[in-house]
$ cat coords.txt   # compact mmCIF, C-alpha atoms
# COMPACT_ATOMS: atom_id res chain seq x y z
CA MET O 6 0.00 0.00 0.00
CA ASN O 7 1.17 3.52 -0.78
CA SER O 8 2.78 4.93 2.40
CA ALA O 9 1.22 8.35 1.96
CA LEU O 10 -2.24 6.80 1.60
CA SER O 11 -1.63 4.65 4.66
CA ALA O 12 -0.63 7.69 6.70
CA GLU O 13 -3.67 9.60 5.48
CA ARG O 14 -5.98 6.85 6.69
CA THR O 15 -4.61 7.09 10.21
CA VAL O 16 -6.09 10.60 10.57
CA PRO O 17 -9.35 10.25 12.53
CA THR O 18 -12.62 11.36 11.01
CA LEU O 19 -14.35 14.34 12.58
CA ALA O 20 -17.95 15.28 13.36
CA VAL O 21 -18.73 18.82 14.54
CA VAL O 22 -21.84 19.16 16.69
CA ILE O 23 -23.57 22.51 17.20
CA CYS O 24 -26.55 22.76 19.56
CA ALA O 25 -29.13 25.53 19.20
CA TYR O 26 -32.33 26.36 21.04
CA THR O 27 -33.56 29.82 19.93
CA LEU O 28 -34.27 31.83 16.81
CA ASP O 29 -32.80 34.87 18.55
CA ARG O 30 -29.32 33.61 17.61
CA TRP O 31 -30.14 32.80 14.00
CA GLU O 32 -27.44 35.00 12.48
CA ASP O 33 -24.91 33.77 15.04
CA LEU O 34 -25.86 30.21 14.18
CA ARG O 35 -25.40 30.82 10.46
CA ALA O 36 -21.97 32.30 11.16
CA ALA O 37 -21.01 29.32 13.34
CA ILE O 38 -21.95 26.84 10.62
CA ALA O 39 -20.20 28.88 7.91
CA SER O 40 -17.00 28.91 9.96
CA VAL O 41 -17.08 25.12 10.23
CA LEU O 42 -17.86 24.56 6.55
CA ALA O 43 -14.88 26.78 5.63
CA GLN O 44 -12.40 24.66 7.62
CA ASP O 45 -9.41 22.95 6.02
CA PRO O 46 -9.35 20.04 6.55
CA PRO O 47 -13.14 19.86 6.36
CA ALA O 48 -15.20 18.04 8.95
CA ASP O 49 -16.59 14.72 7.76
CA GLU O 50 -19.94 15.49 9.41
CA VAL O 51 -21.58 18.70 10.62
CA VAL O 52 -24.57 18.07 12.88
CA LEU O 53 -26.95 20.77 14.11
CA VAL O 54 -29.10 19.67 17.06
CA ILE O 55 -32.22 21.75 17.72
CA ASP O 56 -33.36 21.72 21.34
CA HIS O 57 -37.13 21.22 21.36
CA ASN O 58 -37.98 24.24 19.20
CA ARG O 59 -40.09 23.19 16.20
CA THR O 60 -40.03 26.61 14.53
CA LEU O 61 -36.23 26.73 14.65
CA LEU O 62 -36.01 23.10 13.54
CA GLU O 63 -38.18 23.66 10.49
CA ARG O 64 -36.40 26.84 9.48
CA ALA O 65 -32.97 25.23 9.88
CA GLN O 66 -34.04 22.20 7.81
CA ARG O 67 -35.42 24.52 5.14
CA GLU O 68 -32.67 27.14 4.90
CA LEU O 69 -29.37 25.64 6.01
CA SER O 70 -27.22 23.58 3.70
CA GLY O 71 -24.11 21.51 4.28
CA VAL O 72 -25.29 20.46 7.74
CA ARG O 73 -27.43 17.61 9.08
CA VAL O 74 -30.28 19.07 11.17
CA VAL O 75 -31.81 16.84 13.85
CA PRO O 76 -34.08 17.41 16.87
CA ASN O 77 -32.81 16.83 20.38
CA GLN O 78 -33.83 13.23 21.14
CA ARG O 79 -33.10 13.53 24.85
CA ARG O 80 -34.19 15.72 27.75
CA ARG O 81 -34.37 19.43 26.99
CA GLY O 82 -31.06 21.18 27.55
CA LEU O 83 -27.51 21.39 26.30
CA SER O 84 -26.42 18.01 27.68
CA GLY O 85 -29.30 16.26 25.93
CA GLY O 86 -28.46 18.05 22.71
CA ARG O 87 -24.81 17.09 22.91
CA ASN O 88 -25.69 13.47 23.61
CA THR O 89 -28.01 13.49 20.61
CA GLY O 90 -25.17 14.78 18.45
CA VAL O 91 -22.96 11.93 19.63
CA THR O 92 -25.73 9.44 18.95
CA VAL O 93 -26.40 10.47 15.35
CA SER O 94 -22.77 11.02 14.32
CA HIS O 95 -20.39 8.30 13.15
CA ALA O 96 -16.95 9.93 13.07
CA ASP O 97 -14.01 8.90 15.25
CA VAL O 98 -13.85 12.29 16.99
CA VAL O 99 -16.76 14.54 17.97
CA ALA O 100 -16.10 18.27 18.41
CA PHE O 101 -18.55 20.68 20.02
CA LEU O 102 -18.94 24.32 19.01
CA ASP O 103 -21.44 26.74 20.56
CA ASP O 104 -24.11 28.26 18.33
CA ASP O 105 -22.87 31.79 19.10
CA ALA O 106 -19.21 31.05 18.33
CA THR O 107 -17.11 30.93 15.18
CA ALA O 108 -14.11 28.71 14.55
CA GLU O 109 -10.89 30.33 13.39
CA PRO O 110 -9.09 28.95 10.29
CA GLY O 111 -7.19 25.76 11.07
CA TRP O 112 -9.43 24.85 14.01
CA THR O 113 -10.25 21.33 12.83
CA GLY O 114 -6.66 20.43 11.98
CA ARG O 115 -5.35 21.63 15.34
CA LEU O 116 -8.01 19.72 17.23
CA LEU O 117 -7.33 16.53 15.31
CA ALA O 118 -3.52 16.54 15.28
CA PRO O 119 -3.01 15.33 18.89
CA TYR O 120 -5.22 12.27 18.36
CA GLY O 121 -2.27 10.53 16.73
CA ASP O 122 -1.36 9.67 20.32
CA PRO O 123 -3.75 6.89 21.46
CA ARG O 124 -3.59 8.17 25.04
CA VAL O 125 -5.31 11.38 24.00
CA ARG O 126 -9.03 11.04 24.67
CA GLY O 127 -9.99 14.67 24.25
CA VAL O 128 -8.67 17.96 22.89
CA GLY O 129 -9.97 21.41 23.75
CA GLY O 130 -9.04 24.83 22.48
CA PHE O 131 -8.87 28.53 23.26
CA VAL O 132 -12.13 30.50 23.50
CA ARG O 133 -11.60 34.19 22.77
CA ALA O 134 -14.22 36.55 24.19
CA TRP O 135 -15.94 38.51 21.41
CA TRP O 136 -17.73 41.32 23.22
CA ALA O 137 -20.83 42.58 21.41
CA THR O 138 -20.41 45.82 23.35
CA GLU O 139 -17.29 47.12 25.07
CA ARG O 140 -15.79 44.92 27.73
CA PRO O 141 -16.82 46.34 31.13
CA PRO O 142 -13.76 48.03 32.68
CA TRP O 143 -14.36 46.20 35.96
CA PHE O 144 -14.67 42.69 34.45
CA PRO O 145 -11.53 40.74 35.48
CA PRO O 146 -10.03 38.53 32.74
CA GLU O 147 -9.52 35.86 35.41
CA PHE O 148 -13.33 35.50 35.38
CA ASP O 149 -13.89 35.23 31.64
CA TRP O 150 -15.14 31.70 32.35
CA VAL O 151 -18.28 33.45 33.56
CA VAL O 152 -19.10 34.23 29.92
CA GLY O 153 -17.95 30.84 28.65
CA CYS O 154 -14.50 31.94 27.50
CA SER O 155 -10.87 31.21 28.25
CA TYR O 156 -9.54 33.14 31.22
CA ARG O 157 -6.24 34.47 32.52
CA GLY O 158 -4.52 31.70 34.44
CA GLN O 159 -4.99 28.96 31.86
CA PRO O 160 -1.91 27.48 30.16
CA LEU O 161 -0.44 29.54 27.33
CA LYS O 162 0.89 26.46 25.52
CA ALA O 163 -0.42 22.94 24.89
CA ALA O 164 -0.87 21.21 28.24
CA HIS O 165 -2.69 18.41 30.01
CA VAL O 166 -5.76 19.77 31.80
CA ARG O 167 -8.56 18.48 33.99
CA ASN O 168 -11.38 19.72 31.77
CA PHE O 169 -12.20 21.93 28.79
CA ILE O 170 -14.45 24.92 28.21
CA GLY O 171 -17.63 23.58 26.63
CA ALA O 172 -17.75 26.01 23.71
CA ASN O 173 -14.61 24.47 22.17
CA MET O 174 -13.87 20.83 22.93
CA SER O 175 -13.62 17.44 21.26
CA PHE O 176 -13.49 13.79 22.33
CA ARG O 177 -13.09 10.36 20.83
CA ARG O 178 -16.64 9.20 20.15
CA SER O 179 -15.89 5.77 21.59
CA GLU O 180 -14.86 7.43 24.86
CA LEU O 181 -18.06 9.47 25.05
CA ILE O 182 -20.11 6.32 24.60
CA ALA O 183 -18.03 4.35 27.11
CA VAL O 184 -18.60 6.86 29.94
CA GLY O 185 -22.29 7.39 29.19
CA GLY O 186 -22.22 10.86 27.67
CA PHE O 187 -23.03 14.17 29.34
CA LEU O 188 -25.03 14.35 32.56
CA ASP O 189 -28.47 15.95 32.14
CA ALA O 190 -28.49 17.36 35.68
CA LEU O 191 -25.58 19.67 34.88
CA GLY O 192 -26.30 20.99 31.40
CA ARG O 193 -27.56 24.48 30.67
CA VAL O 194 -31.26 24.66 29.74
CA GLY O 195 -32.19 27.50 27.40
CA SER O 196 -30.77 30.90 28.30
CA ARG O 197 -30.86 30.39 32.07
CA PRO O 198 -27.72 28.81 33.50
CA ALA O 199 -29.55 26.79 36.17
CA ALA O 200 -26.58 24.42 36.17
CA SER O 201 -23.19 24.06 34.54
CA CYS O 202 -20.04 21.93 34.70
CA ASP O 203 -21.38 19.09 32.54
CA GLU O 204 -18.07 19.11 30.66
CA THR O 205 -16.12 19.00 33.96
CA ASP O 206 -18.13 16.00 35.12
CA LEU O 207 -17.59 14.25 31.78
CA CYS O 208 -13.82 14.86 31.81
CA LEU O 209 -13.54 13.59 35.38
CA ARG O 210 -15.34 10.38 34.43
CA ILE O 211 -13.00 9.89 31.47
CA ALA O 212 -9.99 10.32 33.75
CA ALA O 213 -11.45 7.98 36.37
CA ARG O 214 -12.08 5.30 33.76
CA ASP O 215 -8.43 5.35 32.67
CA PRO O 216 -5.80 7.20 34.73
CA GLU O 217 -3.52 7.18 31.68
CA ALA O 218 -6.04 9.12 29.60
CA VAL O 219 -4.83 12.51 28.35
CA LEU O 220 -7.09 15.54 28.01
CA LEU O 221 -5.05 18.07 26.05
CA TYR O 222 -5.59 21.81 25.90
CA GLU O 223 -4.35 23.17 22.57
CA PRO O 224 -4.70 26.98 22.60
CA ARG O 225 -3.92 27.24 18.88
CA ALA O 226 -7.30 25.61 18.18
CA GLU O 227 -9.12 28.89 18.60
CA ILE O 228 -12.71 30.06 18.39
CA ARG O 229 -14.42 33.40 19.01
CA HIS O 230 -17.36 33.30 21.43
CA ARG O 231 -19.88 36.14 21.29
CA VAL O 232 -20.62 37.83 24.62
CA PRO O 233 -23.93 39.73 24.45
CA GLU O 234 -24.60 42.86 26.45
CA SER O 235 -26.93 40.89 28.74
CA ARG O 236 -23.89 39.06 30.14
CA THR O 237 -21.95 42.18 31.06
CA SER O 238 -23.96 43.17 34.14
CA TRP O 239 -22.91 42.70 37.73
CA ALA O 240 -26.14 40.76 38.38
CA TYR O 241 -25.30 38.21 35.69
CA PHE O 242 -21.70 37.96 36.90
CA ARG O 243 -22.74 37.30 40.50
CA ASN O 244 -25.47 34.82 39.58
CA ARG O 245 -23.23 32.90 37.19
CA CYS O 246 -20.56 32.56 39.89
CA TYR O 247 -23.18 31.31 42.34
CA ILE O 248 -24.45 28.73 39.84
CA GLU O 249 -20.87 27.58 39.24
CA GLY O 250 -20.51 26.91 42.95
CA LEU O 251 -23.78 24.98 43.08
CA SER O 252 -22.72 22.89 40.12
CA LYS O 253 -19.24 22.21 41.51
CA ALA O 254 -20.88 20.90 44.68
CA LEU O 255 -22.89 18.41 42.63
CA VAL O 256 -19.78 17.33 40.73
CA ALA O 257 -17.90 16.92 44.02
CA ARG O 258 -20.66 14.67 45.38
CA ARG O 259 -20.46 12.53 42.26
CA CYS O 260 -16.73 12.43 41.65
CA GLY O 261 -15.14 13.34 44.98
CA SER O 262 -13.98 16.75 46.14
CA GLY O 263 -10.33 15.98 45.38
CA PRO O 264 -10.69 15.65 41.60
CA ALA O 265 -13.65 18.02 41.36
CA LEU O 266 -11.85 20.91 43.06
CA SER O 267 -8.23 20.35 42.03
CA SER O 268 -8.15 23.19 39.49
CA GLU O 269 -10.17 25.47 41.74
CA ARG O 270 -7.64 25.16 44.55
CA VAL O 271 -4.86 26.36 42.25
CA TYR O 272 -7.13 29.11 40.94
CA VAL O 273 -7.98 30.45 44.40
CA ARG O 274 -4.45 30.08 45.82
CA SER O 275 -2.52 31.43 42.83
CA VAL O 276 -4.55 33.08 40.04
CA ILE O 277 -6.82 35.23 42.22
CA PRO O 278 -4.07 36.51 44.57
CA ARG O 279 -1.96 37.55 41.58
CA ALA O 280 -4.94 39.37 40.10
CA LEU O 281 -5.63 41.18 43.37
CA ALA O 282 -1.97 42.18 43.72
CA ARG O 283 -1.82 43.44 40.13
CA ASN O 284 -4.90 45.62 40.60
CA LEU O 285 -3.69 46.94 43.94
CA THR O 286 -0.53 48.18 42.25
CA ARG O 287 -2.69 49.94 39.65
CA ILE O 288 -5.24 51.26 42.09
CA ARG O 289 -5.53 54.61 40.29
CA ARG O 290 -6.43 52.96 37.01
CA PRO O 291 -10.10 53.54 36.07
CA GLY O 292 -12.13 50.58 37.26
CA ALA O 293 -9.40 49.09 39.46
CA LEU O 294 -11.43 49.28 42.66
CA ARG O 295 -14.46 47.75 40.95
CA THR O 296 -12.24 45.00 39.53
CA ILE O 297 -10.97 44.20 43.02
CA ALA O 298 -14.59 44.10 44.21
CA ALA O 299 -15.48 41.77 41.33
CA LEU O 300 -12.57 39.44 42.10
CA SER O 301 -13.59 39.24 45.76
CA GLY O 302 -17.31 39.12 45.06
CA GLY O 303 -16.94 36.47 42.38
CA VAL O 304 -15.02 34.17 44.70
CA GLY O 305 -17.50 34.85 47.48
CA ALA O 306 -20.53 34.10 45.31
CA THR O 307 -18.94 30.88 44.03
CA VAL O 308 -18.06 29.69 47.54
CA THR O 309 -21.59 30.51 48.73
CA GLY O 310 -23.06 28.49 45.88
CA TYR O 311 -20.79 25.59 46.72
CA LEU O 312 -21.78 25.61 50.38
CA VAL O 313 -25.47 25.75 49.51
CA GLY O 314 -25.06 23.02 46.91
CA SER O 315 -23.24 20.82 49.41
CA ILE O 316 -26.27 20.56 51.67
CA ARG O 317 -29.13 20.25 49.18
CA PRO O 318 -29.78 18.76 45.72
CA LEU O 319 -29.43 21.08 42.77
CA GLY O 320 -32.89 21.75 41.35
CA SER O 321 -35.34 18.96 40.62
CA ARG O 322 -33.10 16.87 38.39
CA ASP O 323 -31.82 13.56 39.69
CA SER O 324 -28.20 14.07 40.70
CA SER O 325 -27.56 10.52 41.81
CA SER O 326 -28.35 8.57 38.67
CA ARG O 327 -25.75 7.58 36.12
CA PRO O 328 -26.08 9.48 32.84
CA ARG O 329 -27.87 7.70 30.05
CA GLU O 330 -25.61 5.97 27.57
CA ALA O 331 -24.89 7.95 24.43
CA ALA O 332 -25.70 4.90 22.36
CA GLU O 333 -27.89 4.53 19.32
CA PRO O 334 -31.59 4.81 20.28
CA THR O 335 -34.03 2.26 18.96
CA THR O 336 -37.33 4.11 19.28
CA THR O 337 -36.80 7.73 18.20
CA ALA O 338 -37.05 8.60 14.53
CA ARG O 339 -34.30 10.72 13.05
CA SER O 340 -34.77 13.52 10.59
$ encode --input "coords.txt" --output "structure tokens"
Amino acid sequence: MNSALSAERTVPTLAVVICAYTLDRWEDLRAAIASVLAQDPPADEVVLVIDHNRTLLERAQRELSGVRVVPNQRRRGLSGGRNTGVTVSHADVVAFLDDDATAEPGWTGRLLAPYGDPRVRGVGGFVRAWWATERPPWFPPEFDWVVGCSYRGQPLKAAHVRNFIGANMSFRRSELIAVGGFLDALGRVGSRPAASCDETDLCLRIAARDPEAVLLYEPRAEIRHRVPESRTSWAYFRNRCYIEGLSKALVARRCGSGPALSSERVYVRSVIPRALARNLTRIRRPGALRTIAALSGGVGATVTGYLVGSIRPLGSRDSSSRPREAAEPTTTARS
């Protein structure tokens, strides 16, 4: 066999899954799909999962080309949509891109390259905040995770990490199926972040299944994630931190506080103190005092959420059950 052809066949196939739930992001969704279709190398499959919104489903099926449009076959929410995308795809690797994000050129190739190492079970990339309005002067870059983006304190070069940011991540499909997919109790539902950390829970289960598994952060695999004005308020910031704490408590109950809080310990002991010190030395800079207040308030809200979540279940969803397997369903029709 031709050696070049043999090498080419060792490159894993790729499915890109985008989940959408509202017509309000229609133009963002079109931009997300266009950015994927323009990739070189191209994805083998592009799957758009519509989360229980018939109007959006019908419009997407009618107007969008180059993408397979399917309804969410699981419980309403982002986790159910992601699991549906895994179910209906067939590629070796499944990548997830948010519906309000766009992939930069070379994204697919940089996500796929590390999979030549069989130990690599997942690869995530850099999520650049794309502010629809000006970035608030008080908003600390150490808290960009609040708006679903990469934050100051993450590695600057390729590195092993505990978990990825959900807007830009990929996994071997076989691994997703083996661990049972994403947990419904943790996925965002609609526009209200009643829970989060479904990707953290998933990554922890992958690591627990095989301690030799590698989850690799590759910052050169970059996307831009739109941050609307509605996410720039102090109320949103505080609430999102609180929800993060609640969700981390649920993950800790499931996976143990050691693994679930390993990154957070480094964050609180190293990243936050450096940020406070930097702003104290620039105290006369406009917004410095408010940034210090945000750093302190964000940590406080997150810790409060964690303490509350540690003593009561999160919402009405069952937090004790194992997530449903992301295997092929036998009763739901596909479109």
$ residues_near_point --input "coords.txt" --point "(-6.1, 11.4, 35.0)" --cutoff "12 Å" --atoms "all atoms listed in the file" --output "PyMOL selection string"
chain O and resi 124-127+165-168+208-221+264-265+267
$ closest_residue --input "coords.txt" --among "O:Ile248, O:Leu300, O:Leu62, O:Ile38" --to "Cys202 in chain O" --atoms "only C-alpha atoms"
O:Ile248
$ closest_residue --input "coords.txt" --among "O:Leu61, O:Pro145, O:Glu109, O:Ala39" --to "Arg283 in chain O" --atoms "all atoms listed in the file"
O:Pro145
$ residues_near_point --input "coords.txt" --point "(-2.7, 35.3, 34.4)" --cutoff "8 Å" --atoms "only C-alpha atoms" --output "CSV table (one decimal) with C-alpha atoms, keeping the file's coordinate frame"
chain,number,residue,atom,x,y,z
O,147,GLU,CA,-9.5,35.9,35.4
O,156,TYR,CA,-9.5,33.1,31.2
O,157,ARG,CA,-6.2,34.5,32.5
O,158,GLY,CA,-4.5,31.7,34.4
O,159,GLN,CA,-5.0,29.0,31.9
O,276,VAL,CA,-4.6,33.1,40.0
O,279,ARG,CA,-2.0,37.6,41.6
O,280,ALA,CA,-4.9,39.4,40.1
$ closest_residue --input "coords.txt" --among "O:Ala20, O:Val273, O:Pro119, O:Cys246" --to "Val93 in chain O" --atoms "all atoms listed in the file"
O:Ala20
$ closest_residue --input "coords.txt" --among "O:Thr60, O:Thr92, O:Asn77, O:Thr18" --to "Pro46 in chain O" --atoms "only C-alpha atoms"
O:Thr18
$ closest_residue --input "coords.txt" --among "O:Ala48, O:Ala137, O:Cys154, O:Ile55" --to "Leu28 in chain O" --atoms "only C-alpha atoms"
O:Ile55
$ atom_distance --input "coords.txt" --atom1 "CA of Ala172 in chain O" --atom2 "CA of Asp103 in chain O"
4.9 Å
$ atom_distance --input "coords.txt" --atom1 "CA of Asp189 in chain O" --atom2 "CA of Asp104 in chain O"
19.0 Å
$ closest_residue --input "coords.txt" --among "O:Asp105, O:Ile297, O:Gly302, O:Arg274" --to "Arg30 in chain O" --atoms "only C-alpha atoms"
O:Asp105
$ residues_around --input "coords.txt" --residues "Gly250 in chain O" --least-positions-apart "2" --cutoff "10 Å" --atoms "all atoms listed in the file" --output "VMD selection string"
chain O and resid 200 to 202 244 to 248 252 to 256 304 to 315
$ residues_around --input "coords.txt" --residues "Arg81 in chain O" --least-positions-apart "2" --cutoff "8 Å" --atoms "only C-alpha atoms" --output "list in words"
Asp56, His57, Asn77, Arg79, Leu83, Gly85, Gly86 and Val194 of chain O
$ atom_distance --input "coords.txt" --atom1 "CA of Asn284 in chain O" --atom2 "CA of Arg231 in chain O"
26.2 Å
$ residues_around --input "coords.txt" --residues "Leu266 in chain O" --least-positions-apart "4" --cutoff "8 Å" --atoms "all atoms listed in the file" --output "PyMOL selection string"
chain O and resi 253+257+262+270
$ residues_around --input "coords.txt" --residues "Val51 in chain O" --least-positions-apart "4" --cutoff "9 Å" --atoms "all atoms listed in the file" --output "VMD selection string"
chain O and resid 19 to 23 38 41 to 42 71 to 74 94
